[in-house]
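This report concerns only the one structure given below.
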Amino acid sequence: MWERIAGFILRNRVPLLVGVAVVTLFMGYQARKVEMSYKFGGILPKDDSTQIEYDRFTNRFSEDGNIMVLGVQSDKFHTHPLFAEWYTLGNEMRAIDGVDSVFSEAHLFTLKKNSEEKRFDLKKVVNRRPESQEETDSLVKVIQSLPFYRGLIYNDSTNATVMMLFVNRKRFENESRELVVDEILALSKSFEERTGLPVHISGLPYIRTVQASQIKQELAMFVGLAALVTAILLLIFFKSFRVMFICLTVVVIGVVWSLGTIGMFGFKLSALMGLIPPLIIVIGVPNCVFLLNKYHSEFRKHGNQIKALNRVIHKVGNATFMTNATTAMGFATFIFVRSAMLHDFGIVASINILSVFVLSLIIIPCIFSFAKPPRERHVEHLDRTWLDKVVRFMESLVLHHRKKVYGTAMVVVALAIYGMTLVQATGNIVDDLPKEDKIITDLGFFEDNFAGVMPLEILVNTLDSSRATSEKTLRKIERLQVLLESYDEISRPLAITDAVKFAKQAYYNGVPERYSLISGYEKSFIAPYLRGNENDVGGVSRLFLDSTQQITRVSAQIADIGTNQLDTLMSDLKPKLFEIFPQDTYKVTLTGTSIVFLNGTSYLVKNLFISLSIAICVIALLMALLFNSARMVVISLLPNLIPLLFTAALMGYFGVAIKPSTILVFSIAFGISVDDTIHFLSKYRQELKVRPWDIEHCIITAVHETGISMIYTSIILFFGFLVFTASNFGGTVALGLLVSITLLVAMISNLVLLPSLLMSFQRSLVTKSFREPLLEIIDEEEDIELESLEVKKGPWK
């Protein structure tokens, strides 16, 4: 089959290259449709109970993460100049297209009793910009007489105050949100310049927008750095600008195809999806290296350029296809994970890994068939002294020091197993950012003064209509609020009880001491006022109640404390919740972005092991088909599992947690490291067919001949993944560093441990079925019939 493929490619060079160009133009057009993802989540499947409860909540009460907060802190805030500027800033913010409303000390409402119509009227506390300190003092006195806002809008113990911006949900679902955020930032900076008071900004809409912008910037940076690093390495290895540019052409087209695939499927560009284009460069270049090394070595043997290119496709193409297939399978396992984010990533990654293989198999032979034959200096890399010394050192270890190899492997495994026990699965919504990043420092401000900004929602289902406003339920909700306030990590909660207390205070003409729940005897004369507001001010109560008044919400914010601490906190909170609301008469649900994120992280960790197990089983099955030997499958998997243990140990010893941003390390590393095993065993089997009586010679020849390409590709992969350490996101840095180290360990394992095992168990491993597998990889000693192949030289140089 591969002989026919080789003939087809070389006979149809021009049509194939034109076809690649046409498809690239189409994919480039599709790439224009790619949009950024501005949502947290996408981790949990839609039928997960936590996701279902969150969706029900948002359908009843709208999404919980549509508030941006601006905060300042000063003991002079209530002086006329600062307070007046705060009022002006709020008005400027409200004028922005995309900000629906503004809530701050200078933009509050109070309730006034309307005795004639027996209702409460909603009135602004501040109707215009104050013009004097006396006017400001009067307004501040009114504000501080309203307990409803204490701890919510201002913290009188720390002199901190916030401005809440309720942003338009539809406007913030597309890229126009960046314009809104830019306007908010510009106005905040102007306020800082006018007052000298720093403004802290946070809230999920802001964090999502800034992170999405950083992802977009880093995507371009990673692609550029990956291309630059691989270009330099290719130039060092092959000493040819032509080789460098042709290889870069392959991977750049691969990047265009990957972005086009994302656009064609309608997927969003998230932090995870943004890793694919640079991954295509890093994974695609080794394909080029294997093909070029074979081309140069074949040309050096006989000096026939067309025969060399034919043998490249015929022989290396088969093995390279298998290695790309295993890598693609490693990523494709995410397709079977019931998570939209991982599912989409698995589809795009696996398709494009195979696509870049096809591109390399077409472009490199076709373009080099038009080019001049390689010169002597272009093939000198095959005789590098330092490389030869490294390979011979590995051969020496395999031949004479296998006990030391096994001893070292056992020590590494023992240390790795202990290190794995230290690994923790955790995650924070913003913990991937540097500690000095403004998002982190500003978030710290709100956590110090208001306990945080991450939404936490508690839904209380009374199981009976209108029961949510009964006095018994309101008393229980008040107890719940007291309980929540006892936790340092949770902000002051807001519930229907606060609306009722606010109404009672208004009935008694704003007396602060009357801010309490309505007692039994007060219902008779306050209830008519509450009924009089059902169609307007009653809208405030609809923020807390569903249409049947059966379900009510208690809203709070929580610090970004990490999934482990959050899980501990929730475990402590739940029994106390059920003590207040017995499960036989109430149904209490914890939800909100923070809960979805907690369960999403746990889901990811669980599915990491599922997807990795699937990858190991699928790749083991493929290798069984390739080598038709169960013993050989076990032996071949061992050198690839040890690097994974090594990586897990590094994570444990250095405190790198398993979280959404580092979850891919194992699947990526395993899928790529198996490639070396396939290349080595394929060459070993080919040698075994020629010299079946001399197994030692076959093993050493396989080490020597595959070692050069393995070392080349491992160096390229090492530095290729190392470009991710330039990221501002800690998880991406850890991903790049860990995969780089893992692949180096995998290379050493495949060139030292694997051949050592083959030497030690040679007689029990080398069976007839191994020599005659179900799937044949081309024997490099076969001659290719070239009589029917006619390729005319082109004018291109």
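We label chains A, B, ... in the order they appear in the structure tokens, count residues from 1 in each chain, and number ligands from 1 in the order shown.
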
>> I'd like the contact shell of segment 299-305 of chain A - 8 Å cut-off, only C-alpha atoms, skipping same-chain residues fewer than 4 positions apart - returned as a ChimeraX atom specification.
In response: /A:295,309,369,373,379

Listing only residues of segment 185-250 of chain A within 12 Å of segment 560-580 of chain A, what is the closest atom pair and its distance in Å (to one decimal) for each, using only C-alpha atoms, sorted by chain and residue number ascending, as a Markdown table?
| residue | atom | partner | partner_atom | distance |
| --- | --- | --- | --- | --- |
| A:Ser202 | CA | A:Asp560 | CA | 12.0 |
| A:Gly203 | CA | A:Asp560 | CA | 11.4 |
| A:Leu204 | CA | A:Asp560 | CA | 11.4 |

Restricting the output to C-alpha atoms, write the selected residues as a short mmCIF file (atom, residue, chain, number, x, y, z; two decimals), in the first residue's frame.
data_model
loop_
_atom_site.label_atom_id
_atom_site.label_comp_id
_atom_site.auth_asym_id
_atom_site.auth_seq_id
_atom_site.Cartn_x
_atom_site.Cartn_y
_atom_site.Cartn_z
CA SER A 202 -12.77 42.68 39.89
CA GLY A 203 -15.80 40.51 39.20
CA LEU A 204 -16.24 37.53 36.89
#

>> At a cut-off of 8 Å, using only C-alpha atoms, what residues contact Thr320 of chain A? Leave out same-chain residues fewer than 3 positions from it and give the result as number ranges by chain.
In response: A: 287, 290, 316-317, 323-324, 357, 679

Please, could you write that set of residues out with N, CA, C and O atoms as a PDB file, in the first residue's frame?
ATOM      1  N   ASN A 287       7.849  15.132  12.662  1.00  0.00           N
ATOM      2  CA  ASN A 287       7.535  14.405  11.424  1.00  0.00           C
ATOM      3  C   ASN A 287       8.513  14.779  10.321  1.00  0.00           C
ATOM      4  O   ASN A 287       9.040  13.922   9.605  1.00  0.00           O
ATOM      5  N   PHE A 290      12.064  13.226  10.958  1.00  0.00           N
ATOM      6  CA  PHE A 290      12.188  11.808  10.600  1.00  0.00           C
ATOM      7  C   PHE A 290      12.247  11.634   9.084  1.00  0.00           C
ATOM      8  O   PHE A 290      13.049  10.851   8.563  1.00  0.00           O
ATOM      9  N   VAL A 316       9.433   5.307   5.909  1.00  0.00           N
ATOM     10  CA  VAL A 316       9.256   6.137   7.108  1.00  0.00           C
ATOM     11  C   VAL A 316       7.816   6.620   7.227  1.00  0.00           C
ATOM     12  O   VAL A 316       7.301   6.807   8.329  1.00  0.00           O
ATOM     13  N   GLY A 317       7.137   6.817   6.074  1.00  0.00           N
ATOM     14  CA  GLY A 317       5.752   7.269   6.116  1.00  0.00           C
ATOM     15  C   GLY A 317       4.868   6.341   6.904  1.00  0.00           C
ATOM     16  O   GLY A 317       4.013   6.783   7.678  1.00  0.00           O
ATOM     17  N   THR A 323       3.026   6.501  14.495  1.00  0.00           N
ATOM     18  CA  THR A 323       3.360   7.329  15.657  1.00  0.00           C
ATOM     19  C   THR A 323       2.394   8.500  15.787  1.00  0.00           C
ATOM     20  O   THR A 323       1.983   8.864  16.890  1.00  0.00           O
ATOM     21  N   ASN A 324       2.009   9.088  14.654  1.00  0.00           N
ATOM     22  CA  ASN A 324       1.023  10.165  14.710  1.00  0.00           C
ATOM     23  C   ASN A 324      -0.346   9.641  15.125  1.00  0.00           C
ATOM     24  O   ASN A 324      -1.097  10.336  15.823  1.00  0.00           O
ATOM     25  N   PHE A 357       0.479  15.409   9.774  1.00  0.00           N
ATOM     26  CA  PHE A 357       1.229  14.268   9.220  1.00  0.00           C
ATOM     27  C   PHE A 357       1.024  14.187   7.705  1.00  0.00           C
ATOM     28  O   PHE A 357       1.988  14.022   6.946  1.00  0.00           O
ATOM     29  N   HIS A 679       8.992   3.668  16.793  1.00  0.00           N
ATOM     30  CA  HIS A 679      10.131   3.805  15.888  1.00  0.00           C
ATOM     31  C   HIS A 679      11.222   2.788  16.223  1.00  0.00           C
ATOM     32  O   HIS A 679      11.791   2.137  15.331  1.00  0.00           O
TER      33      HIS A 679
END

> In Å, with one decimal, what is the gap from atom CA of Glu696 of chain A to atom CA of Ser673 of chain A?
Replying inline: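 Those two atoms sit 23.9 Å apart.
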
Which residues of segment 514-584 of chain A have any atom within 8 Å of an atom in segment 450-459 of chain A when counting only C-alpha atoms, and what is the closest pair of atoms for each, with the distance in Å to one decimal? Order the rows by chain and rising number and write it as CSV.
residue,atom,partner,partner_atom,distance
A:Ile551,CA,A:Leu459,CA,6.8
A:Thr552,CA,A:Leu459,CA,5.8
A:Arg553,CA,A:Leu459,CA,4.5
A:Val554,CA,A:Ile458,CA,5.1
A:Ser555,CA,A:Glu457,CA,4.8
A:Ala556,CA,A:Leu456,CA,5.2
A:Gln557,CA,A:Pro455,CA,4.7
A:Ile558,CA,A:Gly452,CA,4.9
A:Ala559,CA,A:Gly452,CA,4.1
A:Asp560,CA,A:Met454,CA,6.6

> Of the candidates A:Pro582, A:Pro277, A:Gly330, A:Gly196, which one gets nearest to Ser258 of chain A if we count only C-alpha atoms?
Replying inline: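 With only C-alpha atoms as the atom set, the closest residue is A:Pro277.
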
> In Å to one decimal, how far is atom CA of Ile699 of chain A from atom CA of Leu641 of chain A?
Replying inline: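 Computed distance, atom CA of Leu641 of chain A to atom CA of Ile699 of chain A, equals 21.2 Å.
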
> Arg475 of chain A: which residues within 12 Å, counting only C-alpha atoms, same-chain residues fewer than 5 positions away excluded, as an MDAnalysis selection string?
Replying inline: chainID A and resid 468:470 480:482 495:498 500:501 516:519 580:581

> Where in segment 465-696 of chain A does DSSP assign alpha helix (DSSP H), given as JSON, numbers by chain?
Replying inline: {"A": [471, 472, 473, 474, 475, 476, 477, 478, 479, 480, 481, 482, 483, 484, 485, 496, 497, 498, 499, 500, 501, 502, 503, 504, 505, 506, 507, 523, 524, 525, 526, 527, 528, 529, 530, 531, 539, 540, 541, 542, 563, 564, 565, 566, 567, 568, 569, 570, 571, 572, 573, 574, 575, 576, 577, 578, 579, 580, 593, 594, 595, 596, 597, 598, 599, 600, 601, 602, 603, 604, 605, 606, 607, 608, 609, 610, 611, 612, 613, 614, 615, 616, 617, 618, 619, 620, 621, 622, 623, 624, 625, 626, 627, 630, 631, 632, 633, 634, 635, 636, 637, 638, 639, 640, 641, 642, 643, 644, 645, 646, 647, 648, 649, 650, 651, 652, 653, 665, 666, 667, 668, 669, 670, 671, 672, 673, 674, 675, 676, 677, 678, 679, 680, 681, 682, 683, 684, 685, 686, 687, 688, 689, 690, 695, 696]}

>> Just want the 9 Å neighbourhood of segment 408-421 of chain A, counted on only C-alpha atoms, with same-chain residues fewer than 5 positions away dropped. Output as a ChimeraX atom specification.
In response: /A:403,642,645-653,749,753

Pull all heavy atoms from the residues just selected and write them as a compact mmCIF listing (two decimals), in the first residue's frame.
# COMPACT_ATOMS: atom_id res chain seq x y z
N LYS A 403 22.22 -4.03 34.88
CA LYS A 403 21.83 -4.08 36.30
C LYS A 403 21.72 -2.67 36.87
O LYS A 403 20.80 -2.37 37.64
CB LYS A 403 22.85 -4.89 37.09
CG LYS A 403 22.79 -6.40 36.81
CD LYS A 403 23.76 -7.17 37.70
CE LYS A 403 23.67 -8.67 37.44
NZ LYS A 403 24.61 -9.43 38.29
N ILE A 642 6.88 4.79 33.09
CA ILE A 642 7.84 5.34 34.06
C ILE A 642 7.96 6.87 33.95
O ILE A 642 7.95 7.57 34.97
CB ILE A 642 9.21 4.65 33.94
CG1 ILE A 642 9.11 3.21 34.47
CG2 ILE A 642 10.30 5.42 34.68
CD1 ILE A 642 10.37 2.40 34.32
N LEU A 645 5.05 8.38 35.75
CA LEU A 645 5.25 8.34 37.21
C LEU A 645 6.23 9.41 37.64
O LEU A 645 6.06 10.08 38.67
CB LEU A 645 5.76 6.95 37.62
CG LEU A 645 4.83 5.76 37.39
CD1 LEU A 645 5.54 4.46 37.75
CD2 LEU A 645 3.55 5.92 38.19
N PHE A 646 7.29 9.58 36.84
CA PHE A 646 8.30 10.60 37.13
C PHE A 646 7.67 11.99 37.15
O PHE A 646 7.95 12.81 38.04
CB PHE A 646 9.40 10.52 36.06
CG PHE A 646 10.55 11.47 36.29
CD1 PHE A 646 11.57 11.15 37.15
CD2 PHE A 646 10.59 12.69 35.63
CE1 PHE A 646 12.63 12.02 37.37
CE2 PHE A 646 11.65 13.57 35.83
CZ PHE A 646 12.67 13.24 36.70
N THR A 647 6.81 12.25 36.18
CA THR A 647 6.14 13.55 36.11
C THR A 647 5.23 13.77 37.32
O THR A 647 5.22 14.84 37.92
CB THR A 647 5.31 13.65 34.82
OG1 THR A 647 6.17 13.50 33.70
CG2 THR A 647 4.61 15.00 34.73
N ALA A 648 4.45 12.74 37.66
CA ALA A 648 3.57 12.85 38.82
C ALA A 648 4.37 13.11 40.08
O ALA A 648 3.96 13.89 40.96
CB ALA A 648 2.74 11.57 38.97
N ALA A 649 5.55 12.48 40.19
CA ALA A 649 6.41 12.70 41.35
C ALA A 649 6.91 14.14 41.39
O ALA A 649 6.94 14.77 42.46
CB ALA A 649 7.59 11.73 41.31
N LEU A 650 7.32 14.66 40.24
CA LEU A 650 7.76 16.07 40.18
C LEU A 650 6.66 16.99 40.67
O LEU A 650 6.91 17.94 41.42
CB LEU A 650 8.16 16.44 38.76
CG LEU A 650 9.51 15.92 38.24
CD1 LEU A 650 9.73 16.40 36.81
CD2 LEU A 650 10.66 16.38 39.13
N MET A 651 5.43 16.71 40.25
CA MET A 651 4.30 17.54 40.67
C MET A 651 4.12 17.46 42.18
O MET A 651 3.83 18.47 42.84
CB MET A 651 3.02 17.09 39.95
CG MET A 651 3.08 17.32 38.45
SD MET A 651 1.61 16.72 37.57
CE MET A 651 0.41 17.96 38.06
N GLY A 652 4.30 16.26 42.72
CA GLY A 652 4.15 16.10 44.17
C GLY A 652 5.24 16.79 44.95
O GLY A 652 4.98 17.51 45.92
N TYR A 653 6.50 16.60 44.54
CA TYR A 653 7.63 17.17 45.27
C TYR A 653 7.68 18.69 45.18
O TYR A 653 8.11 19.36 46.12
CB TYR A 653 8.94 16.58 44.75
CG TYR A 653 9.18 15.14 45.15
CD1 TYR A 653 9.39 14.15 44.19
CD2 TYR A 653 9.16 14.76 46.50
CE1 TYR A 653 9.60 12.83 44.56
CE2 TYR A 653 9.37 13.45 46.86
CZ TYR A 653 9.59 12.48 45.90
OH TYR A 653 9.79 11.17 46.28
N SER A 749 14.41 6.59 28.48
CA SER A 749 13.79 5.31 28.83
C SER A 749 13.68 4.40 27.60
O SER A 749 13.94 3.20 27.68
CB SER A 749 12.41 5.56 29.43
OG SER A 749 11.81 4.36 29.84
N LEU A 753 16.28 1.81 28.72
CA LEU A 753 15.53 0.77 29.43
C LEU A 753 14.89 -0.24 28.48
O LEU A 753 14.96 -1.45 28.70
CB LEU A 753 14.45 1.42 30.32
CG LEU A 753 13.60 0.45 31.14
CD1 LEU A 753 14.48 -0.38 32.08
CD2 LEU A 753 12.54 1.20 31.94

> What's the 8 Å shell around Ala231 of chain A, counting only C-alpha atoms, without same-chain residues fewer than 6 positions away, as a VMD selection string?
Replying inline: chain A and resid 244 to 245 248

What does the file look like for those residues with all heavy atoms, as a PDB file, in the first residue's frame?
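Saved the output as part.pdb:
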ATOM      1  N   MET A 244      14.808  24.510   6.598  1.00  0.00           N
ATOM      2  CA  MET A 244      14.103  25.232   7.662  1.00  0.00           C
ATOM      3  C   MET A 244      12.793  25.813   7.141  1.00  0.00           C
ATOM      4  O   MET A 244      11.729  25.652   7.753  1.00  0.00           O
ATOM      5  CB  MET A 244      14.989  26.352   8.204  1.00  0.00           C
ATOM      6  CG  MET A 244      14.345  27.172   9.315  1.00  0.00           C
ATOM      7  SD  MET A 244      15.317  28.636   9.721  1.00  0.00           S
ATOM      8  CE  MET A 244      14.965  29.684   8.290  1.00  0.00           C
ATOM      9  N   PHE A 245      12.836  26.498   5.994  1.00  0.00           N
ATOM     10  CA  PHE A 245      11.644  27.152   5.474  1.00  0.00           C
ATOM     11  C   PHE A 245      10.586  26.141   5.034  1.00  0.00           C
ATOM     12  O   PHE A 245       9.390  26.365   5.227  1.00  0.00           O
ATOM     13  CB  PHE A 245      12.011  28.071   4.299  1.00  0.00           C
ATOM     14  CG  PHE A 245      12.676  29.342   4.718  1.00  0.00           C
ATOM     15  CD1 PHE A 245      13.927  29.687   4.226  1.00  0.00           C
ATOM     16  CD2 PHE A 245      12.062  30.198   5.622  1.00  0.00           C
ATOM     17  CE1 PHE A 245      14.557  30.860   4.625  1.00  0.00           C
ATOM     18  CE2 PHE A 245      12.672  31.383   6.024  1.00  0.00           C
ATOM     19  CZ  PHE A 245      13.924  31.714   5.524  1.00  0.00           C
ATOM     20  N   LEU A 248       8.960  24.802   8.196  1.00  0.00           N
ATOM     21  CA  LEU A 248       8.074  25.822   8.760  1.00  0.00           C
ATOM     22  C   LEU A 248       6.816  25.983   7.918  1.00  0.00           C
ATOM     23  O   LEU A 248       5.727  26.243   8.457  1.00  0.00           O
ATOM     24  CB  LEU A 248       8.811  27.165   8.869  1.00  0.00           C
ATOM     25  CG  LEU A 248       9.877  27.257   9.958  1.00  0.00           C
ATOM     26  CD1 LEU A 248      10.504  28.641   9.967  1.00  0.00           C
ATOM     27  CD2 LEU A 248       9.293  26.943  11.335  1.00  0.00           C
TER      28      LEU A 248
END

> Per DSSP on the backbone, what are the strand (DSSP E or B) residues of segment 27-247 of chain A, as a ChimeraX atom specification?
Replying inline: /A:35-36,67-73,99-103,109-114,119-124,150,154-155,160-167,200-202

Put those residues in a file: N, CA, C and O atoms, as a short mmCIF file (atom, residue, chain, number, x, y, z; two decimals), in the first residue's frame.
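For reference, part.cif as written:
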data_model
loop_
_atom_site.label_atom_id
_atom_site.label_comp_id
_atom_site.auth_asym_id
_atom_site.auth_seq_id
_atom_site.Cartn_x
_atom_site.Cartn_y
_atom_site.Cartn_z
N GLU A 35 -14.07 32.60 17.48
CA GLU A 35 -14.39 33.58 18.51
C GLU A 35 -13.83 33.13 19.85
O GLU A 35 -13.66 31.94 20.10
N MET A 36 -13.56 34.10 20.70
CA MET A 36 -13.05 33.80 22.03
C MET A 36 -14.17 33.28 22.92
O MET A 36 -15.34 33.63 22.76
N ILE A 67 -21.75 40.90 37.40
CA ILE A 67 -21.45 42.12 38.15
C ILE A 67 -19.95 42.38 38.15
O ILE A 67 -19.15 41.51 38.51
N MET A 68 -19.56 43.56 37.72
CA MET A 68 -18.20 44.05 37.91
C MET A 68 -18.19 44.95 39.13
O MET A 68 -19.16 45.67 39.38
N VAL A 69 -17.11 44.91 39.86
CA VAL A 69 -17.02 45.75 41.07
C VAL A 69 -15.77 46.61 41.01
O VAL A 69 -14.70 46.16 40.62
N LEU A 70 -15.95 47.86 41.40
CA LEU A 70 -14.84 48.80 41.54
C LEU A 70 -14.74 49.16 43.01
O LEU A 70 -15.78 49.42 43.65
N GLY A 71 -13.57 49.15 43.56
CA GLY A 71 -13.41 49.44 44.97
C GLY A 71 -12.33 50.46 45.26
O GLY A 71 -11.31 50.49 44.57
N VAL A 72 -12.57 51.28 46.26
CA VAL A 72 -11.56 52.23 46.73
C VAL A 72 -11.54 52.18 48.25
O VAL A 72 -12.49 51.71 48.88
N GLN A 73 -10.48 52.70 48.81
CA GLN A 73 -10.35 52.68 50.27
C GLN A 73 -9.66 53.96 50.73
O GLN A 73 -8.56 54.28 50.29
N VAL A 99 -23.37 48.68 30.24
CA VAL A 99 -23.59 48.74 31.69
C VAL A 99 -25.05 49.10 31.92
O VAL A 99 -25.51 50.17 31.54
N ASP A 100 -25.81 48.17 32.51
CA ASP A 100 -27.24 48.38 32.69
C ASP A 100 -27.57 49.27 33.87
O ASP A 100 -28.49 50.09 33.80
N SER A 101 -26.84 49.10 34.95
CA SER A 101 -27.11 49.92 36.14
C SER A 101 -25.88 49.98 37.02
O SER A 101 -24.95 49.17 36.90
N VAL A 102 -25.88 50.97 37.93
CA VAL A 102 -24.76 51.22 38.83
C VAL A 102 -25.29 51.29 40.25
O VAL A 102 -26.35 51.86 40.51
N PHE A 103 -24.51 50.71 41.15
CA PHE A 103 -24.92 50.63 42.55
C PHE A 103 -23.72 51.01 43.40
O PHE A 103 -22.69 50.33 43.37
N PHE A 109 -30.65 53.58 46.69
CA PHE A 109 -32.08 53.86 46.77
C PHE A 109 -32.55 53.60 48.20
O PHE A 109 -32.00 52.77 48.92
N THR A 110 -33.58 54.29 48.56
CA THR A 110 -34.22 54.03 49.84
C THR A 110 -35.71 53.89 49.60
O THR A 110 -36.22 54.25 48.52
N LEU A 111 -36.42 53.35 50.57
CA LEU A 111 -37.86 53.21 50.48
C LEU A 111 -38.53 54.30 51.31
O LEU A 111 -38.12 54.58 52.44
N LYS A 112 -39.58 54.89 50.75
CA LYS A 112 -40.37 55.91 51.46
C LYS A 112 -41.81 55.43 51.56
O LYS A 112 -42.38 54.94 50.57
N LYS A 113 -42.39 55.59 52.73
CA LYS A 113 -43.78 55.16 52.94
C LYS A 113 -44.74 56.15 52.29
O LYS A 113 -44.65 57.36 52.51
N ASN A 114 -45.63 55.64 51.47
CA ASN A 114 -46.67 56.45 50.84
C ASN A 114 -47.99 56.10 51.51
O ASN A 114 -48.64 55.12 51.14
N ARG A 119 -48.32 52.12 50.04
CA ARG A 119 -47.26 51.46 49.30
C ARG A 119 -45.93 52.09 49.66
O ARG A 119 -45.89 53.09 50.39
N PHE A 120 -44.84 51.51 49.19
CA PHE A 120 -43.51 52.08 49.38
C PHE A 120 -43.01 52.60 48.04
O PHE A 120 -43.10 51.91 47.02
N ASP A 121 -42.49 53.79 48.05
CA ASP A 121 -41.90 54.38 46.85
C ASP A 121 -40.39 54.28 46.90
O ASP A 121 -39.77 54.52 47.95
N LEU A 122 -39.81 53.94 45.78
CA LEU A 122 -38.36 53.83 45.67
C LEU A 122 -37.78 55.19 45.32
O LEU A 122 -38.14 55.78 44.29
N LYS A 123 -36.90 55.69 46.15
CA LYS A 123 -36.34 57.02 45.95
C LYS A 123 -34.81 56.97 45.97
O LYS A 123 -34.21 56.21 46.72
N LYS A 124 -34.19 57.81 45.12
CA LYS A 124 -32.74 57.93 45.14
C LYS A 124 -32.30 58.66 46.40
O LYS A 124 -32.92 59.63 46.82
N ARG A 150 -24.98 48.06 54.62
CA ARG A 150 -23.76 47.91 55.43
C ARG A 150 -23.15 46.52 55.19
O ARG A 150 -23.82 45.52 55.28
N TYR A 154 -20.37 49.08 51.52
CA TYR A 154 -19.25 49.69 52.22
C TYR A 154 -18.91 48.90 53.47
O TYR A 154 -19.74 48.19 54.03
N ASN A 155 -17.65 49.02 53.89
CA ASN A 155 -17.18 48.41 55.11
C ASN A 155 -16.68 49.53 56.00
O ASN A 155 -15.60 50.08 55.79
N ALA A 160 -13.50 51.00 53.30
CA ALA A 160 -13.54 50.55 51.91
C ALA A 160 -14.97 50.66 51.39
O ALA A 160 -15.94 50.47 52.14
N THR A 161 -15.10 50.97 50.12
CA THR A 161 -16.42 51.08 49.49
C THR A 161 -16.34 50.55 48.07
O THR A 161 -15.26 50.56 47.46
N VAL A 162 -17.46 50.06 47.56
CA VAL A 162 -17.46 49.49 46.22
C VAL A 162 -18.54 50.14 45.36
O VAL A 162 -19.52 50.70 45.85
N MET A 163 -18.30 50.02 44.05
CA MET A 163 -19.31 50.41 43.07
C MET A 163 -19.60 49.17 42.23
O MET A 163 -18.71 48.59 41.62
N MET A 164 -20.85 48.73 42.23
CA MET A 164 -21.26 47.55 41.47
C MET A 164 -21.78 47.99 40.11
O MET A 164 -22.65 48.86 40.02
N LEU A 165 -21.24 47.37 39.06
CA LEU A 165 -21.69 47.63 37.70
C LEU A 165 -22.41 46.38 37.20
O LEU A 165 -21.79 45.33 37.04
N PHE A 166 -23.71 46.48 36.97
CA PHE A 166 -24.47 45.36 36.44
C PHE A 166 -24.38 45.43 34.92
O PHE A 166 -24.96 46.33 34.30
N VAL A 167 -23.62 44.49 34.35
CA VAL A 167 -23.33 44.55 32.91
C VAL A 167 -24.38 43.80 32.11
O VAL A 167 -25.05 42.89 32.63
N HIS A 200 -9.57 49.60 42.54
CA HIS A 200 -9.43 48.15 42.40
C HIS A 200 -10.64 47.63 41.63
O HIS A 200 -11.77 48.02 41.90
N ILE A 201 -10.37 46.72 40.68
CA ILE A 201 -11.44 46.22 39.80
C ILE A 201 -11.45 44.69 39.84
O ILE A 201 -10.41 44.05 39.78
N SER A 202 -12.65 44.14 39.92
CA SER A 202 -12.77 42.68 39.89
C SER A 202 -14.18 42.30 39.46
O SER A 202 -14.92 43.13 38.93
#
